[in-house]
$ cat input.txt   # compact mmCIF, C-alpha atoms
# COMPACT_ATOMS: atom_id res chain seq x y z
CA MET A 1 -23.04 14.83 -46.71
CA SER A 2 -22.36 13.13 -50.04
CA GLU A 3 -19.05 11.39 -50.66
CA THR A 4 -18.08 14.04 -53.22
CA ALA A 5 -18.87 16.85 -50.79
CA LEU A 6 -16.88 15.03 -48.08
CA ASP A 7 -13.90 14.72 -50.44
CA ARG A 8 -14.08 18.44 -51.22
CA SER A 9 -14.30 19.23 -47.51
CA ARG A 10 -11.19 17.13 -46.81
CA GLN A 11 -9.30 18.76 -49.70
CA ALA A 12 -10.25 22.22 -48.47
CA HIS A 13 -9.12 21.36 -44.94
CA GLY A 14 -5.84 19.97 -46.30
CA ALA A 15 -5.23 23.14 -48.34
CA TRP A 16 -5.98 25.23 -45.25
CA GLY A 17 -3.47 23.16 -43.26
CA GLU A 18 -0.83 23.64 -45.95
CA ARG A 19 -1.36 27.41 -45.83
CA LYS A 20 -0.97 27.37 -42.02
CA ALA A 21 2.24 25.33 -42.27
CA ALA A 22 3.61 27.61 -45.03
CA ARG A 23 2.93 30.63 -42.81
CA TRP A 24 4.83 28.95 -39.95
CA TYR A 25 7.86 28.47 -42.20
CA LEU A 26 7.71 32.02 -43.57
CA GLU A 27 7.60 33.41 -40.03
CA ALA A 28 10.65 31.25 -39.19
CA GLY A 29 12.61 32.83 -42.05
CA TYR A 30 12.24 30.18 -44.75
CA GLU A 31 11.73 30.88 -48.44
CA ILE A 32 9.04 28.85 -50.19
CA LEU A 33 10.50 27.31 -53.34
CA ASP A 34 7.47 25.25 -54.35
CA ARG A 35 3.98 24.33 -53.21
CA ASN A 36 2.08 21.26 -54.33
CA TRP A 37 4.74 20.21 -56.84
CA ARG A 38 3.14 17.40 -58.83
CA ILE A 39 4.31 14.76 -61.22
CA ARG A 40 2.65 11.53 -62.25
CA SER A 41 4.13 9.58 -59.33
CA GLY A 42 3.02 11.98 -56.60
CA GLU A 43 3.13 15.38 -54.98
CA LEU A 44 5.37 17.34 -52.62
CA ASP A 45 3.40 19.64 -50.31
CA LEU A 46 6.05 22.25 -49.52
CA VAL A 47 9.63 22.76 -50.66
CA LEU A 48 11.49 25.41 -48.69
CA SER A 49 14.95 26.82 -48.21
CA ARG A 50 16.89 28.52 -45.44
CA ASP A 51 20.61 28.89 -44.86
CA GLY A 52 21.49 26.75 -47.89
CA GLU A 53 19.37 23.80 -46.79
CA ILE A 54 16.41 22.55 -48.83
CA VAL A 55 13.49 21.27 -46.79
CA PHE A 56 10.81 18.95 -48.12
CA CYS A 57 7.77 19.14 -45.86
CA GLU A 58 4.83 16.75 -45.81
CA VAL A 59 1.79 18.45 -44.30
CA LYS A 60 -0.90 16.47 -42.52
CA ALA A 61 -4.01 18.28 -41.31
CA ARG A 62 -6.69 16.74 -39.11
CA ARG A 63 -9.61 18.28 -37.33
CA SER A 64 -8.69 16.26 -34.23
CA ALA A 65 -6.34 13.48 -33.11
CA ARG A 66 -9.31 11.21 -32.37
CA PHE A 67 -8.13 8.62 -34.90
CA GLY A 68 -4.40 9.06 -34.31
CA THR A 69 -1.93 11.85 -34.77
CA PRO A 70 -1.45 13.30 -38.24
CA ALA A 71 2.27 12.41 -38.15
CA GLU A 72 1.40 8.71 -37.86
CA ALA A 73 0.10 8.88 -41.44
CA VAL A 74 3.66 9.45 -42.70
CA ASP A 75 4.72 5.81 -42.55
CA ARG A 76 7.81 4.19 -44.11
CA ARG A 77 6.09 3.75 -47.48
CA LYS A 78 5.11 7.44 -47.57
CA GLN A 79 8.62 8.47 -46.48
CA HIS A 80 10.16 6.43 -49.31
CA LYS A 81 7.81 8.07 -51.81
CA ILE A 82 8.64 11.58 -50.53
CA ARG A 83 12.39 10.86 -50.78
CA ALA A 84 11.98 9.67 -54.38
CA LEU A 85 9.91 12.73 -55.27
CA ALA A 86 12.47 14.99 -53.60
CA ALA A 87 15.25 13.49 -55.73
CA GLN A 88 13.15 14.18 -58.83
CA TRP A 89 12.45 17.76 -57.68
CA LEU A 90 16.17 18.38 -57.11
CA ARG A 91 17.02 17.08 -60.60
CA ALA A 92 14.18 19.01 -62.25
CA ASN A 93 15.27 22.25 -60.57
CA GLY A 94 19.03 21.80 -60.89
CA ARG A 95 19.44 21.99 -57.11
CA HIS A 96 21.75 20.08 -54.81
CA GLY A 97 23.15 20.34 -51.31
CA ARG A 98 21.87 19.62 -47.84
CA VAL A 99 18.30 18.40 -47.62
CA ARG A 100 15.96 17.77 -44.74
CA PHE A 101 12.59 16.07 -44.49
CA ASP A 102 10.03 17.59 -42.13
CA VAL A 103 6.48 16.72 -41.22
CA ALA A 104 4.11 19.55 -40.33
CA THR A 105 1.00 18.55 -38.45
CA VAL A 106 -2.04 20.75 -38.16
CA THR A 107 -4.49 19.50 -35.56
CA GLY A 108 -7.42 21.82 -35.03
CA VAL A 109 -5.62 25.16 -35.35
CA ASP A 110 -2.29 24.07 -33.83
CA VAL A 111 0.75 23.75 -36.12
CA VAL A 112 3.61 21.52 -35.02
CA VAL A 113 6.64 21.11 -37.27
CA ILE A 114 8.76 18.01 -36.74
CA GLU A 115 12.11 18.97 -38.21
CA ASP A 116 14.30 16.21 -39.65
CA ALA A 117 11.42 13.77 -39.14
CA PHE A 118 12.96 11.07 -41.33

$ encode --input "input.txt" --output "structure tokens"
Amino acid sequence: MSETALDRSRQAHGAWGERKAARWYLEAGYEILDRNWRIRSGELDLVLSRDGEIVFCEVKARRSARFGTPAEAVDRRKQHKIRALAAQWLRANGRHGRVRFDVATVTGVDVVVIEDAF
């Protein structure tokens, strides 16, 4: 498989994982406010709301945990970036209030949401 085809395969798997995580949130009664919100400095995977709380969710999808769990990829540097992006999203959308940062992992077909992960 060429490097370009491998990149496309990874992107497709990531998008599939984001759809699975979004479905989990919808079934749990959340409203999706934004998906793949992008600005020059980065991207937020999912922005959701329920009961007055805004949730910023980083989704990590892996075919297996052979090389570590997906959640391990959300290190301190990534957390800092997500927090900064969340602040920009809140300003851009005129929102404020309680916020939470989740990590949704999709390994194989299993979705696990780590609420208030950081």

$ closest_residue --input "input.txt" --among "A:Asn36, A:Gln79, A:Leu85, A:Gly42" --to "Glu18 in chain A" --atoms "only C-alpha atoms"
A:Asn36

$ closest_residue --input "input.txt" --among "A:Ala28, A:Ala86, A:Arg63, A:Ala71" --to "Leu46 in chain A" --atoms "only C-alpha atoms"
A:Ala86

$ closest_residue --input "input.txt" --among "A:Ala84, A:Val99, A:Ala117, A:Ala104" --to "Arg23 in chain A" --atoms "all atoms listed in the file"
A:Ala104

$ atom_distance --input "input.txt" --atom1 "CA of Ala92 in chain A" --atom2 "CA of Cys57 in chain A"
17.6 Å

$ closest_residue --input "input.txt" --among "A:His13, A:Lys60, A:Arg40, A:Arg77" --to "Val106 in chain A" --atoms "all atoms listed in the file"
A:Lys60

$ atom_distance --input "input.txt" --atom1 "CA of Ser41 in chain A" --atom2 "CA of Phe118 in chain A"
20.1 Å

$ atom_distance --input "input.txt" --atom1 "CA of Ile114 in chain A" --atom2 "CA of Asp102 in chain A"
5.6 Å

$ closest_residue --input "input.txt" --among "A:Ile82, A:Val74, A:Val55, A:Val109" --to "Arg95 in chain A" --atoms "only C-alpha atoms"
A:Val55

$ closest_residue --input "input.txt" --among "A:Arg50, A:Ile32, A:Trp37, A:Trp16" --to "Arg100 in chain A" --atoms "only C-alpha atoms"
A:Arg50

$ residues_around --input "input.txt" --residues "range 33-35 of chain A" --least-positions-apart "5" --cutoff "12 Å" --atoms "all atoms listed in the file" --output "list in words"
Ala15, Glu18, Arg19, Ala21, Ala22, Tyr25, Leu26, Glu43, Leu44, Asp45, Leu46, Val47, Leu48, Ser49, Arg50, Glu53, Ile54, Val55, Phe56, Cys57, Glu58, Val59, Ala86, Trp89, Leu90, Asn93 and Arg95 of chain A

$ axis_aligned_box --input "input.txt" --around "range 22-28 of chain A" --padding-each-side "3 Å" --output "JSON"
{"center_x": 6.8, "center_y": 30.5, "center_z": -42.1, "size_x": 13.7, "size_y": 11.8, "size_z": 11.8}

$ residues_around --input "input.txt" --residues "Arg62 in chain A" --least-positions-apart "2" --cutoff "8 Å" --atoms "all atoms listed in the file" --output "number ranges by chain"
A: 13-14, 60, 64-65, 70, 105-108
